[in-house]
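What's in data-v3.txt: compact mmCIF, C-alpha atoms
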```
# COMPACT_ATOMS: atom_id res chain seq x y z
CA MET A 1 19.34 -21.26 -3.37
CA ALA A 2 15.57 -21.05 -3.67
CA ALA A 3 15.68 -21.63 0.08
CA VAL A 4 16.90 -18.04 0.62
CA VAL A 5 14.26 -16.36 2.76
CA ASP A 6 13.09 -12.79 2.78
CA PRO A 7 15.04 -11.08 5.59
CA GLU A 8 11.99 -9.10 6.71
CA ILE A 9 9.35 -11.84 6.33
CA ARG A 10 11.37 -14.89 7.15
CA VAL A 11 8.61 -17.45 6.60
CA VAL A 12 8.66 -17.11 2.81
CA THR A 13 11.45 -17.63 0.29
CA ILE A 14 12.42 -15.17 -2.42
CA ASP A 15 11.09 -17.68 -4.94
CA GLU A 16 7.68 -17.83 -3.28
CA LEU A 17 7.53 -14.04 -3.08
CA GLY A 18 8.29 -13.66 -6.79
CA ILE A 19 11.47 -11.68 -6.12
CA LEU A 20 13.58 -14.41 -7.77
CA ARG A 21 13.01 -13.97 -11.51
CA ALA A 22 15.57 -16.27 -13.17
CA VAL A 23 18.56 -18.51 -12.54
CA GLU A 24 20.78 -19.23 -15.53
CA GLU A 25 23.93 -21.28 -15.83
CA ASP A 26 26.33 -20.62 -18.67
CA PRO A 27 26.83 -24.08 -20.21
CA ALA A 28 30.42 -23.33 -21.19
CA SER A 29 31.80 -21.69 -18.04
CA GLY A 30 29.30 -23.01 -15.53
CA ARG A 31 28.91 -19.45 -14.21
CA VAL A 32 25.56 -18.80 -12.57
CA THR A 33 23.57 -15.61 -13.06
CA VAL A 34 20.67 -14.93 -10.72
CA THR A 35 18.10 -12.26 -11.60
CA ILE A 36 16.02 -10.64 -8.86
CA THR A 37 13.62 -7.72 -8.66
CA PRO A 38 12.73 -5.60 -5.62
CA THR A 39 9.22 -5.46 -4.18
CA TYR A 40 9.47 -1.68 -3.59
CA THR A 41 12.10 0.64 -5.06
CA GLY A 42 13.35 1.57 -1.63
CA CYS A 43 13.24 -1.94 -0.17
CA PRO A 44 16.12 -1.95 2.32
CA ALA A 45 16.28 -5.75 2.33
CA MET A 46 17.78 -6.01 -1.15
CA ASP A 47 21.42 -5.87 -0.06
CA VAL A 48 20.84 -8.63 2.46
CA ILE A 49 18.99 -10.72 -0.13
CA ARG A 50 21.89 -10.31 -2.58
CA ALA A 51 24.39 -11.33 0.09
CA ASP A 52 22.27 -14.34 1.11
CA ILE A 53 22.01 -15.50 -2.51
CA ARG A 54 25.78 -15.24 -2.97
CA ARG A 55 26.37 -17.15 0.24
CA ALA A 56 23.96 -19.92 -0.77
CA LEU A 57 25.55 -20.21 -4.20
CA ALA A 58 29.07 -20.20 -2.80
CA ALA A 59 28.07 -23.03 -0.48
CA ALA A 60 26.85 -24.93 -3.55
CA GLY A 61 30.17 -24.41 -5.31
CA HIS A 62 29.32 -21.32 -7.37
CA GLY A 63 31.61 -18.74 -5.84
CA ASP A 64 31.69 -16.54 -8.94
CA ALA A 65 27.91 -16.16 -9.31
CA GLU A 66 26.48 -12.88 -10.51
CA VAL A 67 23.34 -11.36 -9.00
CA ARG A 68 21.50 -9.00 -11.34
CA THR A 69 18.72 -6.66 -10.24
CA VAL A 70 16.02 -5.76 -12.75
CA TYR A 71 13.12 -3.32 -12.38
CA SER A 72 11.04 -4.28 -15.39
CA PRO A 73 8.53 -5.77 -15.39
CA ALA A 74 7.70 -4.25 -12.03
CA TRP A 75 7.05 -6.69 -9.18
CA SER A 76 3.45 -7.43 -8.36
CA THR A 77 1.86 -9.15 -5.37
CA ASP A 78 0.13 -11.33 -7.98
CA TRP A 79 3.50 -13.10 -8.37
CA ILE A 80 3.39 -14.52 -4.85
CA SER A 81 2.88 -18.28 -5.19
CA GLU A 82 0.01 -20.22 -3.64
CA GLY A 83 2.49 -21.85 -1.27
CA GLY A 84 3.85 -18.42 -0.34
CA ARG A 85 0.38 -17.09 0.35
CA ALA A 86 -0.40 -20.06 2.59
CA LYS A 87 2.82 -19.51 4.56
CA LEU A 88 2.10 -15.80 4.97
CA ALA A 89 -1.39 -16.58 6.25
CA ALA A 90 0.00 -19.17 8.67
CA ALA A 91 2.38 -16.54 10.02
CA GLY A 92 -0.49 -14.15 10.70
CA ILE A 93 0.15 -11.93 7.67
CA VAL A 94 -2.96 -11.64 5.51
CA PRO A 95 -1.97 -12.20 1.86
CA PRO A 96 -2.88 -9.51 -0.68
CA ALA A 97 -6.05 -9.49 -2.76
CA PRO A 98 -5.55 -9.68 -6.54
CA VAL A 99 -4.36 -6.41 -8.08
CA PRO A 100 -7.28 -4.52 -9.70
CA ALA A 101 -7.23 -4.83 -13.48
CA ALA A 102 -6.76 -1.16 -14.38
CA GLY A 103 -6.20 2.01 -12.44
CA VAL A 104 -6.37 2.14 -8.68
CA VAL A 105 -9.61 1.15 -7.05
CA PRO A 106 -10.02 2.00 -3.38
CA LEU A 107 -9.83 -1.31 -1.53
CA THR A 108 -13.03 -1.99 0.34
CA LEU A 109 -12.95 -5.79 0.40
CA ALA A 110 -13.25 -7.34 3.84
CA VAL A 111 -9.95 -8.54 5.23
CA ARG A 112 -10.33 -11.48 7.59
CA CYS A 113 -8.47 -11.48 10.88
CA PRO A 114 -5.72 -14.13 10.72
CA HIS A 115 -6.15 -14.84 14.44
CA CYS A 116 -9.90 -15.37 14.86
CA GLY A 117 -11.19 -15.31 11.26
CA SER A 118 -13.57 -12.41 11.86
CA PRO A 119 -14.30 -10.12 8.90
CA GLU A 120 -14.87 -7.26 11.38
CA THR A 121 -11.50 -5.63 10.79
CA GLU A 122 -10.26 -2.13 10.10
CA GLN A 123 -7.18 -0.59 8.57
CA VAL A 124 -5.12 1.30 11.13
CA SER A 125 -2.55 2.53 8.63
CA ARG A 126 -1.84 1.65 5.03
CA PHE A 127 1.86 1.80 5.82
CA GLY A 128 3.15 -0.87 8.19
CA SER A 129 6.32 -2.32 9.65
CA THR A 130 7.84 -2.82 6.18
CA ALA A 131 7.25 -1.10 2.85
CA CYS A 132 5.05 -3.95 1.57
CA LYS A 133 2.67 -4.23 4.51
CA ALA A 134 -0.31 -2.32 5.93
CA LEU A 135 -1.33 -2.36 9.58
CA TRP A 136 -4.79 -3.69 10.45
CA ARG A 137 -6.76 -4.38 13.60
CA CYS A 138 -9.48 -6.89 14.37
CA ARG A 139 -12.60 -5.44 15.99
CA SER A 140 -13.65 -8.86 17.28
CA CYS A 141 -10.50 -10.04 19.05
CA SER A 142 -8.75 -6.64 19.22
CA ASP A 143 -5.48 -8.07 17.91
CA PRO A 144 -3.42 -6.11 15.43
CA PHE A 145 -2.12 -7.86 12.30
CA ASP A 146 -0.20 -7.21 9.09
CA HIS A 147 -1.70 -7.26 5.61
CA LEU A 148 0.48 -7.47 2.53
CA LYS A 149 -0.76 -4.66 0.26
CA ALA A 150 -1.79 -5.41 -3.31
CA LEU A 151 0.78 -3.81 -5.62
CA MET B 1 16.40 22.14 -20.55
CA ASN B 2 18.19 19.82 -22.86
CA GLY B 3 16.89 16.31 -23.01
CA PRO B 4 16.97 13.19 -20.89
CA LEU B 5 19.87 14.09 -18.57
CA ASP B 6 18.38 17.27 -17.10
CA PHE B 7 14.96 15.67 -17.03
CA THR B 8 16.20 12.58 -15.16
CA LEU B 9 18.27 14.67 -12.79
CA GLY B 10 15.25 16.88 -12.05
CA LEU B 11 13.03 13.91 -11.24
CA GLY B 12 15.74 12.27 -9.16
CA ASP B 13 16.28 15.46 -7.19
CA ASP B 14 12.52 15.87 -6.64
CA ALA B 15 12.40 12.41 -5.10
CA LEU B 16 15.60 12.81 -3.08
CA ILE B 17 14.68 16.15 -1.53
CA ALA B 18 11.10 14.99 -0.86
CA ALA B 19 12.55 11.92 0.89
CA GLN B 20 14.84 14.03 3.05
CA ARG B 21 12.02 16.39 4.07
CA LEU B 22 9.62 13.53 4.88
CA ALA B 23 12.31 11.78 6.89
CA GLU B 24 12.44 14.84 9.15
CA TRP B 25 9.11 13.63 10.57
CA THR B 26 10.66 10.38 11.80
CA THR B 27 9.93 10.06 15.56
CA ARG B 28 8.05 13.40 15.42
CA ALA B 29 4.77 12.62 13.68
CA PRO B 30 1.52 13.17 15.63
CA GLU B 31 0.92 9.44 16.05
CA MET B 32 2.92 6.24 15.66
CA GLU B 33 1.04 5.01 12.57
CA GLU B 34 1.63 8.32 10.83
CA ASP B 35 5.28 8.24 11.79
CA ILE B 36 5.62 4.87 10.08
CA ALA B 37 3.60 6.02 7.08
CA LEU B 38 5.70 9.13 6.44
CA THR B 39 8.90 7.15 6.84
CA ASN B 40 7.60 4.53 4.41
CA ILE B 41 6.78 7.20 1.84
CA ALA B 42 10.21 8.75 2.37
CA LEU B 43 11.73 5.34 1.69
CA ASP B 44 9.75 4.98 -1.55
CA GLN B 45 10.94 8.42 -2.65
CA LEU B 46 14.51 7.52 -1.78
CA GLY B 47 14.21 4.29 -3.78
CA ALA B 48 13.04 6.20 -6.85
CA ALA B 49 15.75 8.83 -6.29
CA ARG B 50 18.49 6.19 -6.24
CA LEU B 51 17.32 4.67 -9.54
CA LEU B 52 16.91 8.06 -11.22
CA LEU B 53 20.19 9.53 -9.99
CA SER B 54 22.12 6.36 -10.89
CA TYR B 55 20.72 6.62 -14.40
CA ALA B 56 21.41 10.37 -14.57
CA GLY B 57 25.03 9.62 -13.67
CA GLU B 58 25.26 7.13 -16.52
CA LEU B 59 23.67 9.58 -18.98
CA GLU B 60 26.15 12.23 -17.92
CA GLY B 61 29.04 9.84 -18.52
CA ALA B 62 31.41 11.65 -16.16
CA GLY B 63 31.76 8.78 -13.71
CA ARG B 64 29.44 10.21 -11.05
CA ASP B 65 27.30 7.66 -9.21
CA GLU B 66 24.17 8.23 -7.13
CA ASP B 67 26.19 9.17 -4.04
CA ALA B 68 28.36 11.68 -5.90
CA LEU B 69 25.23 13.34 -7.26
CA ALA B 70 23.39 13.34 -3.94
CA TYR B 71 26.20 14.35 -1.63
CA LEU B 72 28.73 16.29 -3.65
CA ARG B 73 26.66 18.85 -5.51
CA ASP B 74 25.90 22.32 -4.18
CA ASP B 75 22.46 23.93 -4.09
CA ARG B 76 22.77 25.64 -7.47
CA GLN B 77 23.43 22.28 -9.10
CA PHE B 78 20.21 20.72 -7.83
CA ARG B 79 17.30 20.57 -10.27
CA ASN B 80 14.36 19.79 -7.97
CA VAL B 81 11.18 21.85 -7.99
CA LEU B 82 10.81 24.36 -5.15
CA LEU B 83 7.76 22.53 -3.78
CA VAL B 84 9.79 19.67 -2.32
CA GLU B 85 12.37 21.85 -0.57
CA LEU B 86 9.85 24.00 1.31
CA PRO B 87 9.99 23.46 5.07
CA ASN B 88 7.56 20.90 6.48
CA GLY B 89 5.59 23.50 8.41
CA ASP B 90 2.77 22.02 10.46
CA PHE B 91 1.23 18.64 9.65
CA ALA B 92 -1.29 20.24 7.27
CA VAL B 93 1.49 21.87 5.21
CA THR B 94 3.30 18.54 4.97
CA MET B 95 0.09 16.87 3.79
CA ALA B 96 -0.60 19.59 1.23
CA LYS B 97 2.93 19.14 -0.14
CA LEU B 98 2.62 15.35 -0.15
CA PHE B 99 -0.78 15.44 -1.83
CA PHE B 100 0.25 17.86 -4.59
CA LEU B 101 3.53 16.05 -5.20
CA ALA B 102 1.81 12.66 -5.51
CA ALA B 103 -0.89 14.14 -7.78
CA TYR B 104 1.99 15.18 -10.07
CA GLN B 105 4.24 12.15 -9.71
CA LEU B 106 1.50 9.58 -10.38
CA PRO B 107 0.60 10.78 -13.90
CA LEU B 108 4.27 11.58 -14.51
CA TYR B 109 5.48 8.07 -13.71
CA THR B 110 2.50 6.58 -15.53
CA ALA B 111 3.41 8.51 -18.69
CA LEU B 112 7.06 7.64 -18.19
CA ALA B 113 6.17 3.93 -18.13
CA GLY B 114 5.16 4.26 -21.77
CA CYS B 115 8.05 6.43 -22.97
CA ALA B 116 10.69 5.32 -25.48
CA ASP B 117 13.57 5.32 -22.99
CA GLU B 118 13.64 1.76 -21.59
CA ARG B 119 15.32 2.64 -18.30
CA LEU B 120 12.97 5.52 -17.55
CA ALA B 121 10.01 3.37 -18.56
CA ALA B 122 11.03 0.67 -16.07
CA ILE B 123 11.48 3.21 -13.27
CA GLY B 124 8.12 4.81 -14.10
CA ALA B 125 6.30 1.46 -14.12
CA LYS B 126 7.73 0.63 -10.73
CA ALA B 127 7.32 4.02 -9.03
CA ARG B 128 3.77 4.71 -10.20
CA LYS B 129 2.44 1.84 -8.08
CA GLU B 130 3.98 3.42 -5.00
CA SER B 131 2.80 6.93 -5.97
CA ALA B 132 -0.78 5.67 -6.06
CA TYR B 133 -0.52 4.85 -2.35
CA HIS B 134 1.07 8.25 -1.61
CA LEU B 135 -1.75 10.04 -3.40
CA ASP B 136 -4.32 8.01 -1.51
CA HIS B 137 -2.68 8.81 1.80
CA GLY B 138 -2.33 12.52 1.11
CA ALA B 139 -5.92 12.77 -0.13
CA LEU B 140 -7.17 10.99 2.97
CA TRP B 141 -5.56 13.52 5.29
CA VAL B 142 -6.53 16.54 3.20
CA LYS B 143 -10.16 15.39 3.46
CA ARG B 144 -9.94 14.46 7.12
CA LEU B 145 -8.42 17.79 8.11
CA GLY B 146 -10.36 19.95 5.65
CA ASP B 147 -13.70 18.42 6.59
CA GLY B 148 -12.78 18.08 10.26
CA THR B 149 -12.97 20.62 13.03
CA GLU B 150 -13.02 24.36 12.58
CA GLU B 151 -9.36 24.53 13.56
CA SER B 152 -8.22 21.67 11.32
CA HIS B 153 -10.17 23.19 8.42
CA ARG B 154 -8.57 26.58 8.98
CA ARG B 155 -5.08 25.10 9.03
CA MET B 156 -5.62 22.82 6.02
CA GLN B 157 -6.94 25.74 3.98
CA ALA B 158 -3.98 27.87 5.07
CA ALA B 159 -1.62 25.07 4.03
CA VAL B 160 -3.23 24.68 0.61
CA ASP B 161 -3.07 28.46 0.10
CA GLN B 162 0.58 28.53 1.11
CA VAL B 163 1.72 25.65 -1.07
CA TRP B 164 -0.49 26.19 -4.13
CA PRO B 165 1.72 28.79 -5.88
CA TYR B 166 4.54 26.25 -5.98
CA THR B 167 2.48 23.68 -7.93
CA HIS B 168 2.67 25.65 -11.17
CA GLU B 169 6.38 24.98 -11.56
CA LEU B 170 5.65 21.24 -11.76
CA PHE B 171 4.01 21.72 -15.14
CA ALA B 172 6.45 24.07 -16.86
CA ALA B 173 6.50 23.07 -20.52
CA ASP B 174 9.52 21.11 -21.73
CA PRO B 175 8.65 19.68 -25.15
CA ALA B 176 12.08 18.07 -25.57
CA ALA B 177 11.77 15.97 -22.41
CA PRO B 178 10.80 12.26 -22.51
CA VAL B 179 7.50 13.37 -20.93
CA ASP B 180 6.47 17.02 -21.30
CA PRO B 181 5.32 18.09 -17.81
CA ALA B 182 2.77 20.46 -19.37
CA THR B 183 0.78 17.43 -20.51
CA LEU B 184 0.28 16.30 -16.89
CA ARG B 185 -1.66 19.34 -15.74
CA SER B 186 -5.12 18.03 -16.55
CA ALA B 187 -4.53 14.74 -14.69
CA PHE B 188 -3.32 16.77 -11.69
CA ASP B 189 -6.40 18.99 -11.79
CA ASP B 190 -8.65 15.94 -12.11
CA SER B 191 -7.30 14.33 -8.95
CA VAL B 192 -6.87 17.50 -6.89
CA GLY B 193 -10.21 19.18 -7.67
CA PRO B 194 -12.61 16.54 -6.29
CA VAL B 195 -10.50 16.00 -3.15
CA LEU B 196 -10.43 19.71 -2.31
CA ALA B 197 -14.19 19.89 -2.92
CA GLU B 198 -14.88 16.90 -0.67
CA ALA B 199 -12.60 18.42 1.94
CA THR B 200 -14.72 21.61 1.80
CA LEU B 201 -11.57 23.51 0.83
CA THR B 202 -11.35 26.34 -1.65
CA ARG B 203 -8.97 25.88 -4.54
CA PRO B 204 -6.80 28.99 -4.53
CA GLU B 205 -6.74 31.42 -7.43
CA SER B 206 -3.65 30.92 -9.54
CA ARG B 207 -1.60 34.10 -9.36
CA TRP B 208 1.98 34.14 -8.09
CA ALA B 209 3.90 31.24 -9.62
CA PRO B 210 7.49 31.06 -8.37
CA VAL B 211 9.92 29.04 -10.52
CA GLY B 212 13.66 28.44 -10.62
CA GLY B 213 14.18 24.97 -9.20
CA ARG B 214 14.75 23.32 -12.56
CA THR B 215 17.49 25.80 -13.38
CA GLY B 216 19.16 25.68 -9.98
CA VAL B 217 17.72 28.88 -8.53
CA HIS B 218 16.35 27.72 -5.19
CA THR B 219 14.90 29.07 -1.98
CA GLU B 220 17.31 29.42 0.91
CA HIS B 221 15.66 26.38 2.52
CA LEU B 222 17.48 24.00 0.18
CA SER B 223 20.91 25.05 1.41
CA TYR B 224 20.05 24.20 5.02
CA LEU B 225 18.55 20.89 3.96
CA LEU B 226 21.66 19.98 1.98
CA ALA B 227 23.95 20.98 4.83
CA GLU B 228 22.28 18.41 7.04
CA MET B 229 21.95 15.76 4.36
CA GLN B 230 25.50 16.03 3.08
CA VAL B 231 27.59 16.75 6.16
CA LEU B 232 28.41 13.17 7.08
CA HIS B 233 29.42 12.14 3.60
CA ARG B 234 31.57 15.23 3.16
CA ALA B 235 33.21 14.89 6.57
CA HIS B 236 34.02 11.23 5.94
CA PRO B 237 34.38 10.77 2.17
CA GLY B 238 33.82 7.19 1.06
CA ALA B 239 32.84 6.03 4.55
CA LYS B 240 30.71 2.88 4.68
CA TRP B 241 28.47 1.48 7.41
```

I'd like the structure from this file rewritten - as structure tokens, please.
Amino acid sequence: MAAVVDPEIRVVTIDELGILRAVEEDPASGRVTVTITPTYTGCPAMDVIRADIRRALAAAGHGDAEVRTVYSPAWSTDWISEGGRAKLAAAGIVPPAPVPAAGVVPLTLAVRCPHCGSPETEQVSRFGSTACKALWRCRSCSDPFDHLKAL
Amino acid sequence: MNGPLDFTLGLGDDALIAAQRLAEWTTRAPEMEEDIALTNIALDQLGAARLLLSYAGELEGAGRDEDALAYLRDDRQFRNVLLVELPNGDFAVTMAKLFFLAAYQLPLYTALAGCADERLAAIGAKARKESAYHLDHGALWVKRLGDGTEESHRRMQAAVDQVWPYTHELFAADPAAPVDPATLRSAFDDSVGPVLAEATLTRPESRWAPVGGRTGVHTEHLSYLLAEMQVLHRAHPGAKW
């Protein structure tokens, strides 16, 4: 079940992204409860993720599994695993910087181009192809790329 | 107002109507990146609206879910502030609305994250992270347009002047609410003031202060918005994609 991938970023699993919060099996009934949390409140991928989890569990013999969605504590990009970050980078999506300790600090750290490694990059838009990504461009190789925003 | 239900409904309606207005820019924004940005922000607002309206339905205890509240109420039953229902106007007006709304929602959700109501606290903790990006985006455009060309400055100032009277309603005192909006005014002033100054814009004098949204007395604009938003659901009750 941990092999369920994010429908919008298919290189990482929901476990690696930190969306999967808990999997519990009732010892008496054997019923499985899966707890997940959305990256963004309006994330349109949640229904697909729920359906994929149910399908994976049904295939493993847990047809009556329950999928719970929780909102607290709120998801953070800090929950993305090292393995998940490596896979994002390999797919050309720059992983997020650590979330600033308190308040919101304007992000001025250099973001390296995932294609050529150049730090000469610029943000085109802080809102990208999905809710969790910003759109960037490399000034050295001119290629656009995605950057997962710190949240 | 009387407690958590009206408060939650008001916040949910703010987010829902803001989402609907922002979504009107889809495929019409001045550039592709901005089109995507406004649609993203609309999606965040819709996400918050769904959580808030679902919870409002539970508080009410009359069996209404988020869809029943969004699609089957008439204008007088909506509790959103007037600011979010105003027409989009030109791009500067949209940015003025977005900026002022985010400067209110960010401290609101932040305060909500620490309130005694667990559900509202969870929603606040989640939504405030998204609001921070909305505020950043709105501020960026207010500065870019205000401190831009003569024409962009003129239009940004006109937008701020037009929208400003509607910001006062955001902070109408409600001591019984989980977070009293009156307590958010100083945080709003602290984030709006420096941005307007940097944008070389004049903060308008506070005179006319229209209210009514929280008690269901809206501008005529809301009715047209609802007609478009609700028509499909009402024509095909219970229809699913």

Counting only C-alpha atoms, chain B residues within 10 Å of chain A, as JSON, numbers by chain | {"B": [32, 33, 34, 35, 36, 37, 38, 39, 40, 41, 42, 43, 44, 45, 46, 47, 48, 49, 50, 51, 113, 118, 119, 121, 122, 123, 124, 125, 126, 127, 128, 129, 130, 132, 133, 134, 136, 137]}

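The two atoms in question, CA of Leu86 in chain B and CA of Val231 in chain B, are spaced 19.8 Å apart.
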
Within 7 Å of range 73-81 of chain B, counting all atoms listed in the file, which residues show up once you throw out same-chain ones fewer than 4 positions away? Write them as a list in words, please.
->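 Counting only the stated atoms, we get Leu9, Gly10, Leu11, Asp13, Asp14, Leu69, Glu169, Leu170, Gly213, Arg214, Thr215, Gly216, Val217, Leu222 and Ser223 of chain B.
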
Could you give me, as number ranges by chain, the residues that sit within 12 Å of (31.7, 11.1, 0.1) in the file's coordinates, counting all atoms listed in the file?
-> B: 64-73, 229-240

With a distance cut-off of 9 Å and all atoms listed in the file, select the neighbouring residues of range 77-89 of chain A, excluding the residue or stretch itself and same-chain residues fewer than 6 positions from it, and output the selection as a CSV table (one decimal) with C-alpha atoms, in the coordinates of the input.
```csv
chain,number,residue,atom,x,y,z
A,9,ILE,CA,9.4,-11.8,6.3
A,11,VAL,CA,8.6,-17.4,6.6
A,12,VAL,CA,8.7,-17.1,2.8
A,13,THR,CA,11.4,-17.6,0.3
A,15,ASP,CA,11.1,-17.7,-4.9
A,16,GLU,CA,7.7,-17.8,-3.3
A,17,LEU,CA,7.5,-14.0,-3.1
A,18,GLY,CA,8.3,-13.7,-6.8
A,19,ILE,CA,11.5,-11.7,-6.1
A,39,THR,CA,9.2,-5.5,-4.2
A,95,PRO,CA,-2.0,-12.2,1.9
A,96,PRO,CA,-2.9,-9.5,-0.7
A,97,ALA,CA,-6.0,-9.5,-2.8
A,98,PRO,CA,-5.6,-9.7,-6.5
A,99,VAL,CA,-4.4,-6.4,-8.1
A,114,PRO,CA,-5.7,-14.1,10.7
A,148,LEU,CA,0.5,-7.5,2.5
A,149,LYS,CA,-0.8,-4.7,0.3
A,150,ALA,CA,-1.8,-5.4,-3.3
A,151,LEU,CA,0.8,-3.8,-5.6
```

One-decimal distance in Å that lies between CA of Ser191 in chain B and CA of Ala173 in chain B =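 If I compute the distance from CA of Ala173 in chain B to CA of Ser191 in chain B, I get 20.0 Å.
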
Which residues, written as a list of chain:residue names, have at least one atom at most 10 Å from Arg21 in chain A, with only C-alpha atoms counted and residues fewer than 6 positions away on the same chain left out?
->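 Residues meeting the cut-off are A:Ile14, A:Asp15, A:Val34, A:Thr35, A:Ile36, A:Thr37, A:Arg68, A:Thr69, A:Val70, A:Trp75.
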
When distances are computed from only C-alpha atoms, which of B:Ala56, B:Ala96, B:Ala18, B:Leu106 shows the smallest separation from Val163 in chain B?
->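 Using only C-alpha atoms, the shortest distance to Val163 in chain B belongs to B:Ala96.
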
Please, what distance in Å, to one decimal, runs between CA of Asp161 in chain B and CA of Thr219 in chain B?
-> 18.1 Å

Which is closer to Val23 in chain A than all the others in A:Val67, A:Ala59, A:Ala3, A:Ile93, using only C-alpha atoms?
->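 Smallest distance to Val23 in chain A is found for A:Val67.
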
From the set B:Val192, B:Ala103, B:Ala111, B:Leu5, which residue has the shortest atom-to-atom contact distance to Gly57 in chain B, counting only C-alpha atoms?
-> B:Leu5

Compile the contact shell of Leu225 in chain B as a list in words: residues with an atom at most 8 Å away, counting only C-alpha atoms, same-chain residues fewer than 3 positions apart removed.
-> Gln20, Arg21, Glu85, His221, Leu222, Glu228 and Met229 of chain B

For range 28-31 of chain A: contacts at 8 Å, all atoms listed in the file, fewer than 5 positions along chain excluded, given as a PyMOL selection string | chain A and resi 62+64-66
